[in-house]
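Have a look at run.cif; it's mmCIF, C-alpha atoms and all ligand atoms:
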```cif
data_query
#
loop_
_atom_site.label_atom_id
_atom_site.label_comp_id
_atom_site.auth_asym_id
_atom_site.auth_seq_id
_atom_site.Cartn_x
_atom_site.Cartn_y
_atom_site.Cartn_z
CA MET A 481 -129.60 122.23 151.15
CA PHE A 482 -130.37 119.04 153.00
CA GLU A 483 -133.35 120.55 154.77
CA GLN A 484 -135.38 120.37 151.53
CA ILE A 485 -134.79 116.63 151.05
CA GLN A 486 -137.62 114.37 152.10
CA ALA A 487 -136.60 110.86 153.19
CA PRO A 488 -138.05 108.46 150.61
CA SER A 489 -140.59 105.95 151.90
CA ALA A 490 -138.96 102.78 153.25
CA ASP A 491 -138.19 100.03 150.72
CA PRO A 492 -141.17 97.64 150.99
CA ILE A 493 -138.98 94.50 150.89
CA LEU A 494 -136.71 95.81 153.65
CA SER A 495 -139.70 96.76 155.83
CA LEU A 496 -141.09 93.27 155.33
CA ILE A 497 -137.81 91.77 156.59
CA SER A 498 -137.98 93.73 159.83
CA GLU A 499 -141.69 92.94 160.29
CA PHE A 500 -140.88 89.25 159.84
CA LYS A 501 -138.04 89.48 162.37
CA ASN A 502 -140.33 91.05 164.95
CA ASP A 503 -143.14 88.51 164.42
CA ALA A 504 -143.16 86.24 167.51
CA ARG A 505 -145.01 83.35 165.81
CA THR A 506 -142.79 80.26 165.57
CA ASP A 507 -144.53 78.89 162.46
CA LYS A 508 -144.06 82.08 160.39
CA ILE A 509 -142.82 81.64 156.81
CA ASP A 510 -140.69 84.17 154.91
CA LEU A 511 -141.18 84.06 151.15
CA GLY A 512 -140.10 87.68 150.70
CA ILE A 513 -136.54 88.70 150.03
CA GLY A 514 -134.85 87.07 147.01
CA VAL A 515 -132.04 85.06 148.57
CA TYR A 516 -131.55 81.31 148.42
CA ARG A 517 -132.15 79.42 151.66
CA ASN A 518 -131.16 75.82 152.31
CA ASP A 519 -133.18 73.14 154.08
CA LYS A 520 -132.15 74.64 157.43
CA GLY A 521 -133.53 78.01 156.39
CA ILE A 522 -130.15 79.71 156.09
CA THR A 523 -128.25 81.33 153.22
CA PRO A 524 -124.99 79.43 153.62
CA ILE A 525 -121.48 80.22 152.45
CA MET A 526 -120.93 77.55 149.79
CA ALA A 527 -118.17 75.08 150.69
CA ALA A 528 -116.33 75.81 147.42
CA VAL A 529 -116.40 79.53 148.31
CA ALA A 530 -115.08 78.91 151.83
CA GLN A 531 -112.25 76.72 150.46
CA ALA A 532 -111.34 79.31 147.82
CA GLU A 533 -111.22 81.95 150.55
CA GLN A 534 -108.75 79.80 152.51
CA THR A 535 -106.56 79.55 149.42
CA LEU A 536 -106.76 83.31 148.88
CA LEU A 537 -105.81 83.97 152.49
CA LYS A 538 -102.61 82.00 151.95
CA THR A 539 -101.73 83.26 148.47
CA GLU A 540 -102.91 86.85 148.25
CA SER A 541 -99.87 89.09 148.51
CA THR A 542 -101.19 92.62 147.99
CA LYS A 543 -104.21 94.86 148.28
CA ALA A 544 -102.91 97.32 145.70
CA TYR A 545 -105.37 98.64 143.10
CA GLN A 546 -106.36 96.03 140.55
CA GLY A 547 -107.34 98.29 137.65
CA LEU A 548 -110.55 99.32 135.94
CA VAL A 549 -111.31 96.02 134.19
CA GLY A 550 -111.02 94.03 137.44
CA ASP A 551 -109.64 90.50 137.40
CA GLU A 552 -109.04 89.31 133.83
CA ASN A 553 -109.06 85.65 134.91
CA PHE A 554 -112.52 86.22 136.36
CA ASN A 555 -113.64 88.07 133.23
CA LEU A 556 -112.64 85.24 130.93
CA ALA A 557 -113.97 82.51 133.22
CA ILE A 558 -117.39 84.15 133.58
CA GLN A 559 -117.56 84.84 129.85
CA SER A 560 -116.87 81.14 129.17
CA LEU A 561 -119.47 80.04 131.70
CA LEU A 562 -122.11 81.99 129.78
CA LEU A 563 -120.93 81.88 126.17
CA GLY A 564 -118.73 78.75 126.09
CA GLY A 565 -119.05 76.91 122.76
CA THR A 566 -120.46 79.90 120.86
CA SER A 567 -118.86 81.87 118.05
CA ALA A 568 -119.51 84.95 120.19
CA MET A 569 -116.60 84.01 122.50
CA ALA A 570 -114.17 85.33 119.88
CA ARG A 571 -115.91 88.70 119.56
CA ALA A 572 -116.80 89.34 123.22
CA SER A 573 -115.19 91.46 125.91
CA THR A 574 -116.01 91.33 129.63
CA LEU A 575 -115.77 93.86 132.44
CA GLN A 576 -115.91 92.87 136.11
CA THR A 577 -118.59 94.91 137.88
CA PRO A 578 -120.06 95.42 141.36
CA GLY A 579 -122.81 92.80 140.94
CA ALA A 580 -125.25 92.56 138.06
CA SER A 581 -126.64 95.87 139.31
CA GLY A 582 -123.31 97.50 138.48
CA ALA A 583 -123.27 95.76 135.11
CA LEU A 584 -126.79 96.94 134.29
CA ARG A 585 -125.79 100.51 135.12
CA ASN A 586 -122.49 100.36 133.17
CA LEU A 587 -124.27 98.98 130.12
CA ALA A 588 -127.01 101.59 130.48
CA ASP A 589 -124.34 104.32 130.65
CA LEU A 590 -122.71 102.92 127.52
CA LEU A 591 -126.09 102.93 125.76
CA ALA A 592 -126.71 106.52 126.85
CA PHE A 593 -123.29 107.44 125.39
CA ALA A 594 -123.51 105.50 122.13
CA ARG A 595 -127.25 105.59 121.47
CA PRO A 596 -128.70 108.44 123.55
CA ASN A 597 -132.11 108.19 121.87
CA ALA A 598 -132.49 104.54 122.70
CA THR A 599 -135.65 103.16 124.29
CA VAL A 600 -135.08 100.20 126.56
CA TRP A 601 -137.96 97.71 126.45
CA ILE A 602 -138.47 95.77 129.66
CA SER A 603 -140.87 92.89 130.29
CA ASN A 604 -144.20 93.41 132.05
CA PRO A 605 -143.47 92.59 134.84
CA SER A 606 -139.71 92.84 135.27
CA TYR A 607 -136.98 92.93 137.92
CA ILE A 608 -137.86 95.87 140.14
CA ASN A 609 -134.57 97.69 139.47
CA HIS A 610 -134.55 97.48 135.67
CA ARG A 611 -136.64 100.57 135.18
CA PRO A 612 -134.89 102.88 137.71
CA ILE A 613 -131.41 101.88 136.54
CA MET A 614 -132.24 102.64 132.90
CA LEU A 615 -134.03 105.88 133.79
CA ARG A 616 -131.13 107.06 135.99
CA ALA A 617 -128.82 106.60 133.01
CA GLY A 618 -131.09 108.94 131.05
CA LEU A 619 -132.68 106.30 128.81
CA ALA A 620 -136.33 106.01 127.88
CA VAL A 621 -138.11 102.88 129.15
CA GLN A 622 -141.15 101.08 127.74
CA GLU A 623 -142.74 97.74 128.57
CA TYR A 624 -143.44 94.76 126.34
CA ALA A 625 -146.17 92.20 126.99
CA TYR A 626 -144.75 89.20 128.83
CA LEU A 627 -146.76 87.36 131.46
CA ASN A 628 -150.25 86.04 130.88
CA PRO A 629 -151.79 86.64 134.33
CA VAL A 630 -154.24 83.77 133.91
CA THR A 631 -151.96 80.97 132.70
CA LYS A 632 -148.92 82.51 134.48
CA ALA A 633 -146.87 81.52 131.42
CA VAL A 634 -145.22 83.86 128.94
CA ASP A 635 -147.64 85.22 126.36
CA GLU A 636 -145.14 84.66 123.56
CA THR A 637 -147.58 85.60 120.81
CA ALA A 638 -148.25 89.04 122.31
CA MET A 639 -144.59 89.55 123.16
CA LEU A 640 -143.27 88.59 119.73
CA ALA A 641 -145.87 90.72 117.97
CA GLN A 642 -144.49 93.73 119.87
CA VAL A 643 -140.85 92.74 119.38
CA ALA A 644 -141.52 92.52 115.63
CA GLN A 645 -142.23 96.29 115.69
CA LEU A 646 -138.91 97.30 117.30
CA GLY A 647 -136.25 99.11 115.29
CA PRO A 648 -132.63 100.29 115.44
CA ASP A 649 -133.27 102.78 118.28
CA ASP A 650 -134.70 100.06 120.50
CA VAL A 651 -133.01 97.84 123.07
CA LEU A 652 -134.78 94.63 124.11
CA LEU A 653 -133.95 93.72 127.72
CA LEU A 654 -134.53 89.99 128.30
CA HIS A 655 -134.09 87.76 131.35
CA GLY A 656 -131.60 85.00 130.49
CA CYS A 657 -133.36 82.44 132.69
CA CYS A 658 -135.41 82.18 135.90
CA HIS A 659 -137.41 85.34 135.20
CA ASN A 660 -137.67 87.67 138.19
CA PRO A 661 -140.38 88.08 139.44
CA SER A 662 -142.57 85.68 137.44
CA GLY A 663 -140.56 82.44 137.13
CA ALA A 664 -141.94 82.14 133.58
CA ASP A 665 -139.19 81.68 130.98
CA LEU A 666 -139.15 81.95 127.20
CA SER A 667 -139.20 78.80 125.09
CA LEU A 668 -136.21 78.11 122.85
CA ALA A 669 -138.48 78.71 119.86
CA ALA A 670 -139.15 82.24 121.18
CA TRP A 671 -135.40 82.87 121.64
CA GLN A 672 -134.93 81.71 118.05
CA ARG A 673 -137.63 84.07 116.79
CA ILE A 674 -136.15 86.99 118.77
CA ALA A 675 -132.74 86.28 117.19
CA GLU A 676 -134.33 86.39 113.71
CA LEU A 677 -136.23 89.58 114.49
CA ALA A 678 -133.11 91.29 115.90
CA GLN A 679 -131.30 90.56 112.64
CA GLN A 680 -134.23 91.74 110.50
CA ARG A 681 -135.22 94.80 112.50
CA GLY A 682 -131.87 95.96 113.87
CA PHE A 683 -132.78 96.33 117.56
CA LEU A 684 -130.15 95.53 120.17
CA PRO A 685 -130.76 92.55 122.49
CA PHE A 686 -129.62 92.95 126.10
CA VAL A 687 -129.74 89.84 128.32
CA ASP A 688 -129.72 90.10 132.11
CA ILE A 689 -128.88 86.68 133.56
CA ALA A 690 -128.70 86.59 137.34
CA TYR A 691 -129.63 82.96 138.09
CA GLN A 692 -127.59 80.71 135.79
CA GLY A 693 -127.68 77.20 137.26
CA LEU A 694 -130.80 77.70 139.37
CA GLY A 695 -133.35 76.75 136.71
CA ASP A 696 -132.47 73.59 134.80
CA GLY A 697 -128.68 73.67 135.35
CA LEU A 698 -125.71 75.73 134.16
CA GLU A 699 -125.78 74.63 130.52
CA ALA A 700 -129.55 74.48 130.00
CA ASP A 701 -130.03 77.90 131.59
CA ALA A 702 -127.64 79.50 129.08
CA GLN A 703 -129.20 77.90 125.97
CA GLY A 704 -131.39 80.82 124.92
CA LEU A 705 -128.58 83.31 125.49
CA ARG A 706 -126.13 81.19 123.49
CA LEU A 707 -128.56 80.81 120.64
CA LEU A 708 -128.93 84.59 120.50
CA ALA A 709 -125.17 85.17 120.87
CA ASN A 710 -124.44 82.92 117.88
CA ALA A 711 -126.97 84.70 115.71
CA VAL A 712 -126.87 88.44 116.34
CA PRO A 713 -124.13 90.92 115.43
CA GLU A 714 -124.27 92.78 118.75
CA LEU A 715 -125.42 91.85 122.23
CA MET A 716 -125.13 93.18 125.76
CA ILE A 717 -125.11 90.87 128.80
CA SER A 718 -125.24 91.57 132.53
CA THR A 719 -124.58 88.70 134.90
CA SER A 720 -124.38 88.06 138.62
CA CYS A 721 -122.51 85.75 140.99
CA SER A 722 -124.78 86.76 143.87
CA LYS A 723 -127.09 83.75 143.60
CA ASN A 724 -125.15 80.93 141.93
CA PHE A 725 -122.03 81.49 144.05
CA GLY A 726 -123.94 82.85 147.06
CA LEU A 727 -121.76 85.98 146.98
CA TYR A 728 -124.54 88.53 147.46
CA ARG A 729 -122.63 90.95 149.69
CA GLU A 730 -119.35 90.65 147.81
CA ARG A 731 -120.93 92.51 144.86
CA THR A 732 -119.63 90.30 142.06
CA GLY A 733 -120.86 90.42 138.51
CA ALA A 734 -119.89 91.25 134.94
CA ALA A 735 -120.91 93.27 131.89
CA ILE A 736 -120.24 91.49 128.59
CA LEU A 737 -120.28 93.05 125.15
CA VAL A 738 -120.53 90.91 122.03
CA GLY A 739 -119.54 92.97 119.00
CA GLU A 740 -119.44 92.40 115.27
CA ASP A 741 -115.75 91.83 115.80
CA ALA A 742 -113.46 91.66 118.81
CA SER A 743 -112.15 95.21 118.39
CA HIS A 744 -115.67 96.68 118.65
CA ALA A 745 -116.27 94.77 121.88
CA HIS A 746 -112.88 95.82 123.32
CA ASN A 747 -113.50 99.47 122.46
CA GLY A 748 -116.92 99.28 124.08
CA ARG A 749 -115.38 97.79 127.22
CA ALA A 750 -112.72 100.54 127.28
CA LYS A 751 -115.49 103.14 127.12
CA MET A 752 -117.32 101.41 129.99
CA CYS A 753 -114.06 101.61 132.01
CA GLU A 754 -113.91 105.33 131.39
CA LEU A 755 -117.55 105.73 132.43
CA ALA A 756 -116.99 103.63 135.57
CA ARG A 757 -113.99 105.84 136.41
CA GLY A 758 -116.52 108.66 136.80
CA SER A 759 -118.44 106.76 139.49
CA TYR A 760 -117.10 103.80 141.53
CA SER A 761 -113.86 103.57 139.52
CA MET A 762 -112.75 99.96 140.14
CA PRO A 763 -114.75 96.90 141.12
CA PRO A 764 -114.17 95.21 144.52
CA SER A 765 -111.78 92.29 144.19
CA HIS A 766 -112.68 89.66 146.79
CA GLY A 767 -115.76 88.06 145.21
CA ALA A 768 -114.23 87.88 141.75
CA ALA A 769 -111.02 86.39 143.20
CA ILE A 770 -113.15 83.67 144.82
CA VAL A 771 -114.97 82.93 141.56
CA SER A 772 -111.81 82.82 139.46
CA THR A 773 -110.12 80.57 142.05
CA ILE A 774 -113.07 78.15 141.94
CA LEU A 775 -113.38 78.10 138.17
CA ALA A 776 -109.63 77.56 137.66
CA ASP A 777 -109.41 74.56 139.97
CA ASP A 778 -110.92 71.18 138.96
CA GLN A 779 -111.69 70.08 142.50
CA LEU A 780 -113.29 73.39 143.55
CA ASN A 781 -115.14 73.67 140.24
CA GLY A 782 -116.60 70.18 140.73
CA LEU A 783 -117.56 70.96 144.31
CA TRP A 784 -119.24 74.22 143.31
CA ARG A 785 -121.20 72.55 140.50
CA ALA A 786 -122.36 69.79 142.87
CA GLU A 787 -123.48 72.38 145.45
CA LEU A 788 -125.32 74.35 142.78
CA ASP A 789 -127.07 71.16 141.64
CA THR A 790 -128.16 70.53 145.23
CA MET A 791 -129.65 74.03 145.43
CA ASN A 792 -131.40 73.48 142.12
CA LEU A 793 -132.76 70.10 143.24
CA ARG A 794 -134.07 71.60 146.45
CA ILE A 795 -135.96 74.35 144.59
CA ASN A 796 -137.38 71.91 142.04
CA GLY A 797 -138.32 69.47 144.82
CA LEU A 798 -140.25 72.23 146.57
CA ARG A 799 -141.96 73.12 143.30
CA SER A 800 -143.08 69.49 142.81
CA ALA A 801 -144.32 69.33 146.41
CA LEU A 802 -146.35 72.52 145.89
CA VAL A 803 -147.96 71.18 142.72
CA GLU A 804 -148.87 67.94 144.47
CA GLY A 805 -150.12 69.74 147.59
CA PHE A 806 -152.34 72.12 145.60
CA ARG A 807 -153.67 69.29 143.41
CA ILE A 808 -154.72 67.36 146.50
CA ALA A 809 -156.19 70.42 148.23
CA THR A 810 -158.12 71.75 145.22
CA GLN A 811 -158.71 68.61 143.13
CA GLY A 812 -157.61 70.79 140.21
CA GLU A 813 -154.59 71.98 138.27
CA ASP A 814 -154.81 75.73 138.83
CA TYR A 815 -151.52 75.80 140.71
CA ASP A 816 -149.54 73.58 138.33
CA TYR A 817 -147.75 76.74 137.26
CA PHE A 818 -145.44 76.30 140.27
CA GLY A 819 -144.05 73.27 138.45
CA HIS A 820 -143.64 75.07 135.12
CA HIS A 821 -141.81 78.06 136.56
CA LYS A 822 -137.99 78.14 136.82
CA GLY A 823 -135.66 79.40 139.50
CA MET A 824 -136.35 80.90 142.89
CA PHE A 825 -139.48 82.90 142.11
CA SER A 826 -143.09 82.48 141.10
CA LEU A 827 -145.56 85.29 140.64
CA THR A 828 -148.79 84.12 142.28
CA GLY A 829 -151.11 86.93 141.25
CA LEU A 830 -152.23 87.27 144.89
CA SER A 831 -153.76 90.70 145.53
CA ASP A 832 -152.33 92.99 148.19
CA ALA A 833 -155.44 92.34 150.33
CA LYS A 834 -154.81 88.58 150.21
CA ILE A 835 -151.11 89.09 150.92
CA ALA A 836 -152.09 91.14 153.99
CA ARG A 837 -154.40 88.33 155.16
CA LEU A 838 -151.68 85.73 154.69
CA LYS A 839 -149.40 87.80 156.90
CA ALA A 840 -151.97 88.67 159.56
CA ASP A 841 -153.76 85.32 159.82
CA TYR A 842 -151.07 82.80 158.88
CA GLY A 843 -147.67 84.47 159.44
CA ILE A 844 -146.81 84.05 155.75
CA TYR A 845 -144.75 86.93 154.39
CA ILE A 846 -144.97 87.72 150.66
CA VAL A 847 -143.90 90.93 148.92
CA SER A 848 -146.50 93.24 147.47
CA GLY A 849 -147.20 92.18 143.89
CA GLY A 850 -147.37 88.51 144.85
CA ARG A 851 -143.87 87.22 144.11
CA VAL A 852 -142.93 84.27 146.29
CA ASN A 853 -139.39 83.06 146.91
CA ILE A 854 -139.75 79.27 146.68
CA ALA A 855 -136.30 78.85 148.27
CA GLY A 856 -137.62 80.51 151.44
CA LEU A 857 -139.88 77.52 152.04
CA GLN A 858 -139.22 74.25 153.91
CA LEU A 859 -140.72 70.94 152.80
CA ASN A 860 -142.55 70.60 156.11
CA GLU A 861 -144.19 74.01 155.53
CA VAL A 862 -145.68 73.16 152.13
CA ASP A 863 -149.00 71.90 153.53
CA ALA A 864 -149.46 74.99 155.70
CA LEU A 865 -148.74 77.30 152.76
CA VAL A 866 -151.11 75.39 150.48
CA ALA A 867 -153.92 75.48 153.05
CA ALA A 868 -153.45 79.22 153.69
CA VAL A 869 -153.35 80.17 149.99
CA VAL A 870 -156.40 78.02 149.23
CA ALA A 871 -158.23 79.67 152.16
CA VAL A 872 -157.52 83.25 151.04
CA ASN A 873 -158.31 82.42 147.42
CA ARG A 874 -161.61 80.75 148.32
C1 LIG B 1 -132.90 89.84 137.17
C2 LIG B 1 -131.90 90.42 138.10
N1 LIG B 1 -130.92 91.18 137.61
C3 LIG B 1 -129.98 91.73 138.41
C4 LIG B 1 -130.00 91.52 139.76
C5 LIG B 1 -128.94 92.19 140.62
O1 LIG B 1 -128.02 91.28 141.08
P1 LIG B 1 -126.75 91.69 141.95
O2 LIG B 1 -127.03 91.28 143.34
O3 LIG B 1 -125.63 90.89 141.38
O4 LIG B 1 -126.54 93.13 141.81
C6 LIG B 1 -130.99 90.72 140.33
C7 LIG B 1 -131.02 90.51 141.78
O5 LIG B 1 -131.99 90.15 142.38
C8 LIG B 1 -131.97 90.16 139.48
O6 LIG B 1 -132.96 89.39 139.95
#
```
Could you render the structure from this file as structure tokens?
Amino acid sequence: MFEQIQAPSADPILSLISEFKNDARTDKIDLGIGVYRNDKGITPIMAAVAQAEQTLLKTESTKAYQGLVGDENFNLAIQSLLLGGTSAMARASTLQTPGASGALRNLADLLAFARPNATVWISNPSYINHRPIMLRAGLAVQEYAYLNPVTKAVDETAMLAQVAQLGPDDVLLLHGCCHNPSGADLSLAAWQRIAELAQQRGFLPFVDIAYQGLGDGLEADAQGLRLLANAVPELMISTSCSKNFGLYRERTGAAILVGEDASHAHNGRAKMCELARGSYSMPPSHGAAIVSTILADDQLNGLWRAELDTMNLRINGLRSALVEGFRIATQGEDYDYFGHHKGMFSLTGLSDAKIARLKADYGIYIVSGGRVNIAGLQLNEVDALVAAVVAVNR
């Protein structure tokens, strides 16, 4: 059987990593893969995470199976982090998952079970895995208008006009904050309008939030989601601890259902457990144990929040430096969008030919499509990046 299987072409992001590694230039800049880097260029283990791991090493007494729902302390803590203060808390149920990727797939499987004719609407552009995850679950996928390629802001008029046409068989997949890949987020007014339209038209909102705390802070980044959660009868949420806890390889995330009442949400979660039993069965425990240890302890919680703020400040500082650098270099405001975008990414609109030139002539690595990871940059590299981008765009 295996002889008929062709190896798929290499993942373009992974090939870019190895090309970068093998590039001998000392002034090369990696803006490719989507991981946070600090001002020393590394993706550190957060101090709160390292301290929680020490605690776990001393207190953990068994490696026996944990069960299909994962760690209930984690589930409740992560639910509160996202939905704290909303009426949805009382009618929500949360399942620990292997990352947000696992949550997206579990929620997609639940949709395929409960609403097999559903069409999932994703933004144009969207996170690269949204489409394949939904398709693999057997769902139909369509795109809604999102980014205005000229202003590099959300075209809310075009988007809302399309959303106003959705109906009960439609699922609207939104990015909670720090849109990947564009960096362009919805205004609160747009979230409000989406909440009204969901109630009028009966479509199901589904919010994927993988960067809470990396835009404007933990509370501000959840505002749109909370507004929606207070207003709509049903909501699906996928969330990740990869970025805001730096737990990428520990595969830590959650799927949250908000139902019309608590029993609906609990039944939905029980069904997701059954579906997960047919694939990975139970989520890995270590990352979730770290998160629940941090969130249950005042000192660790404070430390984690302070570290997250530092990450956020670094990204926003780089964004301000880019805006200033481009203004000086171009005597114009064409690159001010770097300052309007939120989170780690900005979509530059650079063509593949220009991206190839940046790599060949300047040692600047950017993924095809033009998404740059701002957190991959150092302050002392801003001028070089500005000069190179201005040169290829000339
Ligand atoms: C929007 C979005 N959703 C989900 C994910 C998946 O996150 P995880 O690493 O937790 O699986 C990512 C990761 O880049 C993402 O950007």
Discussion item. Could you list, as a VMD selection string, all residues that come within 7 Å of ligand LIG 1 (chain B)? Count all atoms listed in the file.
Written reply: chain A and resid 514 578 to 582 607 655 659 to 660 688 to 690 719 to 722 728 731 to 733
Selected residues written out, C-alpha atoms, as a JSON list (two decimals), in the frame of the given file:
```json
[["chain", "number", "residue", "atom", "x", "y", "z"],
["A", 514, "GLY", "CA", -134.85, 87.07, 147.01],
["A", 578, "PRO", "CA", -120.06, 95.42, 141.36],
["A", 579, "GLY", "CA", -122.81, 92.80, 140.94],
["A", 580, "ALA", "CA", -125.25, 92.56, 138.06],
["A", 581, "SER", "CA", -126.64, 95.87, 139.31],
["A", 582, "GLY", "CA", -123.31, 97.50, 138.48],
["A", 607, "TYR", "CA", -136.98, 92.93, 137.92],
["A", 655, "HIS", "CA", -134.09, 87.76, 131.35],
["A", 659, "HIS", "CA", -137.41, 85.34, 135.20],
["A", 660, "ASN", "CA", -137.67, 87.67, 138.19],
["A", 688, "ASP", "CA", -129.72, 90.10, 132.11],
["A", 689, "ILE", "CA", -128.88, 86.68, 133.56],
["A", 690, "ALA", "CA", -128.70, 86.59, 137.34],
["A", 719, "THR", "CA", -124.58, 88.70, 134.90],
["A", 720, "SER", "CA", -124.38, 88.06, 138.62],
["A", 721, "CYS", "CA", -122.51, 85.75, 140.99],
["A", 722, "SER", "CA", -124.78, 86.76, 143.87],
["A", 728, "TYR", "CA", -124.54, 88.53, 147.46],
["A", 731, "ARG", "CA", -120.93, 92.51, 144.86],
["A", 732, "THR", "CA", -119.63, 90.30, 142.06],
["A", 733, "GLY", "CA", -120.86, 90.42, 138.51]]
```
Taking a cut-off of 12 Å and counting all atoms listed in the file, can you build a table that, for each residue of stretch 501-568 of chain A near stretch 737-755 of chain A, reports the nearest atom pair and how far apart they are in Å (one decimal), sorted by chain then residue number, as a Markdown table?
```
| residue | atom | partner | partner_atom | distance |
| --- | --- | --- | --- | --- |
| A:Gly547 | CA | A:Cys753 | CA | 9.4 |
| A:Leu548 | CA | A:Cys753 | CA | 5.7 |
| A:Val549 | CA | A:Cys753 | CA | 6.6 |
| A:Gly550 | CA | A:Cys753 | CA | 9.8 |
| A:Asn555 | CA | A:Arg749 | CA | 11.6 |
| A:Gln559 | CA | A:Leu737 | CA | 9.8 |
| A:Leu562 | CA | A:Val738 | CA | 11.9 |
| A:Leu563 | CA | A:Val738 | CA | 9.9 |
| A:Thr566 | CA | A:Val738 | CA | 11.1 |
| A:Ser567 | CA | A:Val738 | CA | 10.0 |
| A:Ala568 | CA | A:Val738 | CA | 6.3 |
```
Item to complete: May I ask for the distance between atom CA of A:Leu590 and atom CA of A:Ala709, given in Å to one decimal place?
Response: 19.1 Å
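Of the listed residues (A:Ala768, A:Leu708, A:Arg673, A:Lys508), A:Lys508 comes nearest to A:Ala868; the distances count all atoms listed in the file.
Closest approach to A:Asp510 from the set A:Val872, A:Ile846, A:Ala617, A:Ala836 is made by A:Ile846, with distances taken over all atoms listed in the file.
Each of A:Arg706, A:Lys632, A:Arg757, A:Arg729 was checked against A:Gly564 using all atoms listed in the file; the smallest atom-to-atom distance is that of A:Arg706.
One distance worth recording is that between atom CA of A:Ala633 and atom CA of A:Ala664, which is 5.4 Å.
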Worksheet item: Around (-156.1, 77.2, 155.6) in the file's frame, which residues reach within 12 Å when counting all atoms listed in the file? Return as a list in words?
Response: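 The residues that fall inside the cut-off are Phe806, Ala809, Thr810, Arg837, Leu838, Asp841, Tyr842, Gly843, Ile844, Val862, Asp863, Ala864, Leu865, Val866, Ala867, Ala868, Val869, Val870, Ala871, Val872, Asn873 and Arg874 of chain A.
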Discussion item. Under the rule that only C-alpha atoms are counted, which of A:Ala735, A:Leu653, A:Leu707, A:Ile485 is the nearest residue to A:Glu676?
Written reply: A:Leu707
Discussion item. Just to confirm, what's the straight-line distance from atom CA of A:Ser826 to atom CA of A:Ile854 in Å (one decimal)?
Written reply: 7.3 Å
Item to complete: Counting all atoms listed in the file, note down every residue that has an atom within 6 Å of the point (-119.9, 90.8, 132.4) (file coordinates), as a count of residues only.
Response: 8
Discussion item. Let me make sure I understand: among A:Gln672, A:Gln680, A:Asn609, A:Asn518, which one has the smallest atom-to-atom distance to A:Asn710 if we use only C-alpha atoms?
Written reply: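 Counting only C-alpha atoms, the residue closest to A:Asn710 is A:Gln672.
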Fill in: Contacts of stretch 793-800 of chain A at 12 Å (all atoms listed in the file; same-chain gap of 2+ positions) as an NGL selection string
:A and (516-521 or 658 or 663 or 693-697 or 786-791 or 802-807 or 815-826 or 852-863 or 865-866)
Output C-alpha atoms for every residue in that selection, as an mmCIF file, in the frame of the given file.
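Writing the result to out.cif gives the following:
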```
data_model
loop_
_atom_site.group_PDB
_atom_site.id
_atom_site.type_symbol
_atom_site.label_atom_id
_atom_site.label_comp_id
_atom_site.auth_asym_id
_atom_site.auth_seq_id
_atom_site.Cartn_x
_atom_site.Cartn_y
_atom_site.Cartn_z
ATOM 1 C CA TYR A 516 -131.550 81.310 148.420
ATOM 2 C CA ARG A 517 -132.150 79.420 151.660
ATOM 3 C CA ASN A 518 -131.160 75.820 152.310
ATOM 4 C CA ASP A 519 -133.180 73.140 154.080
ATOM 5 C CA LYS A 520 -132.150 74.640 157.430
ATOM 6 C CA GLY A 521 -133.530 78.010 156.390
ATOM 7 C CA CYS A 658 -135.410 82.180 135.900
ATOM 8 C CA GLY A 663 -140.560 82.440 137.130
ATOM 9 C CA GLY A 693 -127.680 77.200 137.260
ATOM 10 C CA LEU A 694 -130.800 77.700 139.370
ATOM 11 C CA GLY A 695 -133.350 76.750 136.710
ATOM 12 C CA ASP A 696 -132.470 73.590 134.800
ATOM 13 C CA GLY A 697 -128.680 73.670 135.350
ATOM 14 C CA ALA A 786 -122.360 69.790 142.870
ATOM 15 C CA GLU A 787 -123.480 72.380 145.450
ATOM 16 C CA LEU A 788 -125.320 74.350 142.780
ATOM 17 C CA ASP A 789 -127.070 71.160 141.640
ATOM 18 C CA THR A 790 -128.160 70.530 145.230
ATOM 19 C CA MET A 791 -129.650 74.030 145.430
ATOM 20 C CA LEU A 802 -146.350 72.520 145.890
ATOM 21 C CA VAL A 803 -147.960 71.180 142.720
ATOM 22 C CA GLU A 804 -148.870 67.940 144.470
ATOM 23 C CA GLY A 805 -150.120 69.740 147.590
ATOM 24 C CA PHE A 806 -152.340 72.120 145.600
ATOM 25 C CA ARG A 807 -153.670 69.290 143.410
ATOM 26 C CA TYR A 815 -151.520 75.800 140.710
ATOM 27 C CA ASP A 816 -149.540 73.580 138.330
ATOM 28 C CA TYR A 817 -147.750 76.740 137.260
ATOM 29 C CA PHE A 818 -145.440 76.300 140.270
ATOM 30 C CA GLY A 819 -144.050 73.270 138.450
ATOM 31 C CA HIS A 820 -143.640 75.070 135.120
ATOM 32 C CA HIS A 821 -141.810 78.060 136.560
ATOM 33 C CA LYS A 822 -137.990 78.140 136.820
ATOM 34 C CA GLY A 823 -135.660 79.400 139.500
ATOM 35 C CA MET A 824 -136.350 80.900 142.890
ATOM 36 C CA PHE A 825 -139.480 82.900 142.110
ATOM 37 C CA SER A 826 -143.090 82.480 141.100
ATOM 38 C CA VAL A 852 -142.930 84.270 146.290
ATOM 39 C CA ASN A 853 -139.390 83.060 146.910
ATOM 40 C CA ILE A 854 -139.750 79.270 146.680
ATOM 41 C CA ALA A 855 -136.300 78.850 148.270
ATOM 42 C CA GLY A 856 -137.620 80.510 151.440
ATOM 43 C CA LEU A 857 -139.880 77.520 152.040
ATOM 44 C CA GLN A 858 -139.220 74.250 153.910
ATOM 45 C CA LEU A 859 -140.720 70.940 152.800
ATOM 46 C CA ASN A 860 -142.550 70.600 156.110
ATOM 47 C CA GLU A 861 -144.190 74.010 155.530
ATOM 48 C CA VAL A 862 -145.680 73.160 152.130
ATOM 49 C CA ASP A 863 -149.000 71.900 153.530
ATOM 50 C CA LEU A 865 -148.740 77.300 152.760
ATOM 51 C CA VAL A 866 -151.110 75.390 150.480
#
```
